[in-house]
Structures are given as C-alpha cells and as structure tokens.
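Peer 1: Take this structure, written in structure tokens, and hold onto it; I'll ask about it next.
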Amino acid sequence: MRRATALISIPAAALIAACQTPDDTTPPEPPQTVLACQGKYVTGPQTIAGFDLSKFMQRTRLPPDVRIAAGRSAVSPERPGSVDLYLDLCLPGTATMNDLLPVATDLAHELKADELGSRTDTLTIACVCAHLPGRTEVRDEDFLEHPWNGTPSRDAEYLTWTRSDS
C-alpha cells in the first residue's frame with residue numbers, strides 16, 4: 001500500500017508544480033557576460049577562451065573604462081586555417097552603438113597589425129552592457145579583405161561594420 005501511495009504522490013507533486021502561476025517563478029538571471037559588466041564576475045583577458053585571442057588582448061590597450069567580459073575564437077567554417085573571433089566588452093555608463101564603433105575600430109586596427117589578424121576571417125565585437133535590452137554588436141565578416149589602417153577615413157571604416165542592435 002505504501003508503494004502505491006508513493007507512486008501516486010510523485011505524479012501529483014509534478015502536476016502541482018506544473019500548475020504554478022508565473023508569479024511563483026523567479027526570472028532567469030542575465031547572461032554571465034552581463035553580470036560581469038555589473039561587477040558580479042571577473043573581467044579581463046583571462047575570461048577569453050582561446051590562447052591566441054587572450055594573448056592579443058593582453059597586449060592591447062583598451063580605453064580605461066572598457067573591460068573584457070568574455071571572448072572566444074573558433075575555426076572559420078568559411079576559410080579553413082582562419083579563425084572567427086568574438087569579443088564581448090563592458091562599456092561605461094549608457095553606452096550605445098556610437099560608443100562601441102570607435103572602440104571596435106581601434107581594436108580592428110591593432111588586430112590587423114598583429115599576426116593573429118593575418119588569420120582572422122570574421123571579427124565580432126559586442127557591448128554586453130547591463131543597461132542595453134539586447135546585444136549590440138559590430139561584425140566584419142571579411143576582415144582579411146579590409147585594410148583597417150585608417151584609409152580612406154575613419155568614418156568610412158565605421159561603415160565597414162555590419163551593425164546589430166537587438
């Protein structure tokens with residue numbers, strides 16, 4: 001009899017849990033990169049998965065109020081032997097796309113001059129700032145084809161990026 005009671009109580013408990021109202025649930029935590037920007041996780045090159053990208057970012061000077069939330073590299077599916085780089089940054093205050101563009105462009109200049117840049121197919125840089133409702137990022141899917149040296153102008157380089165404000 002105990003066994004039958006136990007078998008009935010398990011589905012009953014599951015049914016009760018499934019019928020909870022949305023008010024009974026806690027909202028999901030923001031992604032770890034956003035929590036890093038809120039100061040709840042460590043930031044810096046050590047948060048990057050990928051030795052070459054981490055070493056590059058250790059040599060790179062970011063503006064003093066910009067921090068690295070996360071980063072990674074992956075083998076490019078488009079160009080074997082090349083990599084796609086992804087970098088999530090914390091920008092200060094109420095940063096927008098207009099604040100991300102100069103930081104990303106400076107990083108693209110430094111990357112182009114580095115050995116890692118000669119093997120980079122796609123570069124994606126995002127602001128994962130806590131005040132933004134979604135991901136704000138810029139992407140250069142043909143990094144190898146673009147000079148990233150200030151020519152023809154900085155404004156022209158800003159137009160090179162594919163922008164995403166979600």
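Every chain in the structure tokens takes a letter, A first, then B, and so on in the order presented; its residues are numbered from 1, and the ligands are numbered from 1 following the presented order.
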Could you name the residues that touch segment 123-129 of chain A at 7 Å or less, counting only C-alpha atoms, but leaving out those on the same chain fewer than 5 positions away, as a list in words?

Peer 2: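 Counting only the stated atoms, we get Thr33, Val34, Cys37, Asp84, Leu85, Tyr86, Leu87, Asp88, Leu89, Cys90, Leu91, Leu100, Ala104, Arg135, Thr136, Glu137, Val138, Arg139, Asp140, Glu141 and Phe143 of chain A.
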
Peer 1: For the atom pair atom CA of Lys40 of chain A and atom CA of His131 of chain A, what is the interatomic distance in Å to one decimal place?

Peer 2: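 These two atoms are separated by 14.7 Å.
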
Peer 1: Name the residues in contact with Pro147 of chain A at a cut-off of 10 Å, using only C-alpha atoms, excluding same-chain residues fewer than 6 positions from it; report them as a list in words.

Peer 2: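 Here the answer would be Ala108, His109, Lys112, Ala113 and Glu157 of chain A.
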
Peer 1: Determine which residues of segment 13-144 of chain A receive a DSSP assignment of strand (DSSP E or B), computed from the backbone, and state them as a ChimeraX atom specification.

Peer 2: /A:48-49,67-75,83-90,120-127,136-140

Peer 1: Okay, now the selection with N, CA, C and O atoms, as a CSV table (one decimal), in the first residue's frame?

Peer 2:
chain,number,residue,atom,x,y,z
A,48,ILE,N,38.8,35.0,-21.6
A,48,ILE,CA,38.7,34.7,-23.1
A,48,ILE,C,39.1,33.2,-23.2
A,48,ILE,O,40.2,32.8,-22.7
A,49,ALA,N,38.3,32.5,-24.0
A,49,ALA,CA,38.6,31.1,-24.3
A,49,ALA,C,39.3,31.1,-25.7
A,49,ALA,O,38.8,31.6,-26.7
A,67,ARG,N,36.1,47.2,-20.3
A,67,ARG,CA,36.6,45.9,-19.8
A,67,ARG,C,36.1,44.8,-20.7
A,67,ARG,O,35.1,44.9,-21.4
A,68,ILE,N,36.9,43.7,-20.7
A,68,ILE,CA,36.5,42.5,-21.4
A,68,ILE,C,35.6,41.6,-20.6
A,68,ILE,O,36.0,41.2,-19.5
A,69,ALA,N,34.4,41.3,-21.1
A,69,ALA,CA,33.5,40.4,-20.3
A,69,ALA,C,33.8,39.0,-20.7
A,69,ALA,O,33.8,38.1,-19.9
A,70,ALA,N,34.1,38.7,-22.0
A,70,ALA,CA,34.3,37.4,-22.5
A,70,ALA,C,34.8,37.5,-23.9
A,70,ALA,O,34.7,38.5,-24.6
A,71,GLY,N,35.4,36.4,-24.4
A,71,GLY,CA,35.8,36.3,-25.7
A,71,GLY,C,36.1,34.8,-26.1
A,71,GLY,O,36.3,34.0,-25.2
A,72,ARG,N,36.1,34.6,-27.4
A,72,ARG,CA,36.4,33.2,-27.9
A,72,ARG,C,36.9,33.3,-29.3
A,72,ARG,O,36.6,34.2,-30.0
A,73,SER,N,37.5,32.2,-29.7
A,73,SER,CA,37.8,32.1,-31.1
A,73,SER,C,37.4,30.7,-31.6
A,73,SER,O,37.2,29.8,-30.8
A,74,ALA,N,37.1,30.6,-32.9
A,74,ALA,CA,36.6,29.4,-33.5
A,74,ALA,C,37.2,29.2,-34.9
A,74,ALA,O,37.5,30.3,-35.5
A,75,VAL,N,37.4,28.0,-35.3
A,75,VAL,CA,37.9,27.8,-36.6
A,75,VAL,C,36.8,28.3,-37.6
A,75,VAL,O,35.6,28.0,-37.4
A,83,VAL,N,40.5,31.9,-38.4
A,83,VAL,CA,39.6,31.9,-37.2
A,83,VAL,C,38.6,33.0,-37.3
A,83,VAL,O,38.8,34.0,-37.9
A,84,ASP,N,37.5,32.8,-36.6
A,84,ASP,CA,36.5,33.8,-36.3
A,84,ASP,C,36.7,34.2,-34.8
A,84,ASP,O,36.8,33.3,-34.0
A,85,LEU,N,36.7,35.5,-34.6
A,85,LEU,CA,37.0,36.0,-33.2
A,85,LEU,C,35.7,36.7,-32.7
A,85,LEU,O,35.1,37.4,-33.5
A,86,TYR,N,35.4,36.5,-31.5
A,86,TYR,CA,34.2,37.1,-30.8
A,86,TYR,C,34.7,37.7,-29.5
A,86,TYR,O,35.3,37.0,-28.7
A,87,LEU,N,34.3,38.9,-29.3
A,87,LEU,CA,34.8,39.7,-28.1
A,87,LEU,C,33.6,40.4,-27.5
A,87,LEU,O,32.9,41.2,-28.2
A,88,ASP,N,33.3,40.2,-26.2
A,88,ASP,CA,32.2,40.9,-25.5
A,88,ASP,C,32.9,41.9,-24.6
A,88,ASP,O,33.7,41.5,-23.8
A,89,LEU,N,32.4,43.1,-24.7
A,89,LEU,CA,33.0,44.2,-23.9
A,89,LEU,C,32.0,44.9,-23.0
A,89,LEU,O,30.8,45.0,-23.4
A,90,CYS,N,32.5,45.3,-21.9
A,90,CYS,CA,31.7,46.2,-21.0
A,90,CYS,C,32.1,47.6,-21.3
A,90,CYS,O,33.2,48.0,-21.1
A,120,THR,N,42.6,36.0,-39.3
A,120,THR,CA,41.2,36.3,-38.8
A,120,THR,C,40.3,36.5,-40.0
A,120,THR,O,40.5,37.4,-40.8
A,121,ASP,N,39.3,35.7,-40.1
A,121,ASP,CA,38.3,35.8,-41.2
A,121,ASP,C,37.1,36.7,-40.8
A,121,ASP,O,36.8,37.7,-41.5
A,122,THR,N,36.6,36.5,-39.6
A,122,THR,CA,35.5,37.3,-39.1
A,122,THR,C,35.8,37.9,-37.7
A,122,THR,O,36.3,37.1,-36.9
A,123,LEU,N,35.5,39.1,-37.5
A,123,LEU,CA,35.7,39.8,-36.2
A,123,LEU,C,34.3,40.3,-35.7
A,123,LEU,O,33.7,41.1,-36.4
A,124,THR,N,33.9,39.9,-34.5
A,124,THR,CA,32.7,40.3,-34.0
A,124,THR,C,33.0,40.9,-32.6
A,124,THR,O,33.6,40.2,-31.8
A,125,ILE,N,32.5,42.2,-32.4
A,125,ILE,CA,32.7,42.8,-31.1
A,125,ILE,C,31.4,43.3,-30.6
A,125,ILE,O,30.7,44.0,-31.3
A,126,ALA,N,31.1,43.0,-29.4
A,126,ALA,CA,29.7,43.3,-28.8
A,126,ALA,C,29.9,44.1,-27.5
A,126,ALA,O,30.8,43.9,-26.8
A,127,CYS,N,28.9,45.0,-27.3
A,127,CYS,CA,28.7,45.6,-26.0
A,127,CYS,C,27.7,44.8,-25.3
A,127,CYS,O,26.5,44.7,-25.8
A,136,THR,N,24.3,44.4,-28.6
A,136,THR,CA,24.7,45.5,-29.5
A,136,THR,C,26.0,45.1,-30.0
A,136,THR,O,27.0,45.0,-29.2
A,137,GLU,N,26.2,44.8,-31.3
A,137,GLU,CA,27.4,44.3,-31.8
A,137,GLU,C,27.7,44.8,-33.2
A,137,GLU,O,26.8,45.3,-33.9
A,138,VAL,N,29.0,44.8,-33.5
A,138,VAL,CA,29.5,45.1,-34.9
A,138,VAL,C,30.3,43.9,-35.4
A,138,VAL,O,30.9,43.2,-34.6
A,139,ARG,N,30.2,43.7,-36.7
A,139,ARG,CA,30.9,42.5,-37.2
A,139,ARG,C,31.5,42.8,-38.6
A,139,ARG,O,30.9,43.5,-39.4
A,140,ASP,N,32.7,42.3,-38.8
A,140,ASP,CA,33.3,42.4,-40.1
A,140,ASP,C,33.5,40.9,-40.6
A,140,ASP,O,34.4,40.2,-40.1

Peer 1: Using the chain letters and numbers from this document, which residues of segment 101-134 of chain A does DSSP assign to helix (DSSP H, G or I), as a list in words?

Peer 2: Leu101, Pro102, Val103, Ala104, Thr105, Asp106, Leu107, Ala108, His109, Glu110, Leu111, Lys112, Ala113, Glu115, Leu116, Gly117, Ser118 and Arg119 of chain A

Peer 1: Near Thr60 of chain A, within 10 Å and counting only C-alpha atoms, which residues show up once chain neighbours fewer than 4 positions away are dropped, as a PyMOL selection string?

Peer 2: chain A and resi 45+54-56+106-107+110-111

Peer 1: Write the residues you've just listed into a file as a CSV table (one decimal), in the first residue's frame, and include C-alpha atoms for each of them.

Peer 2:
chain,number,residue,atom,x,y,z
A,45,PRO,CA,41.8,38.7,-20.9
A,54,SER,CA,43.7,36.1,-25.0
A,55,LYS,CA,47.4,36.9,-25.6
A,56,PHE,CA,46.4,39.5,-28.2
A,106,ASP,CA,40.7,50.7,-32.7
A,107,LEU,CA,40.7,47.0,-31.9
A,110,GLU,CA,45.5,46.7,-33.7
A,111,LEU,CA,44.4,43.2,-34.8
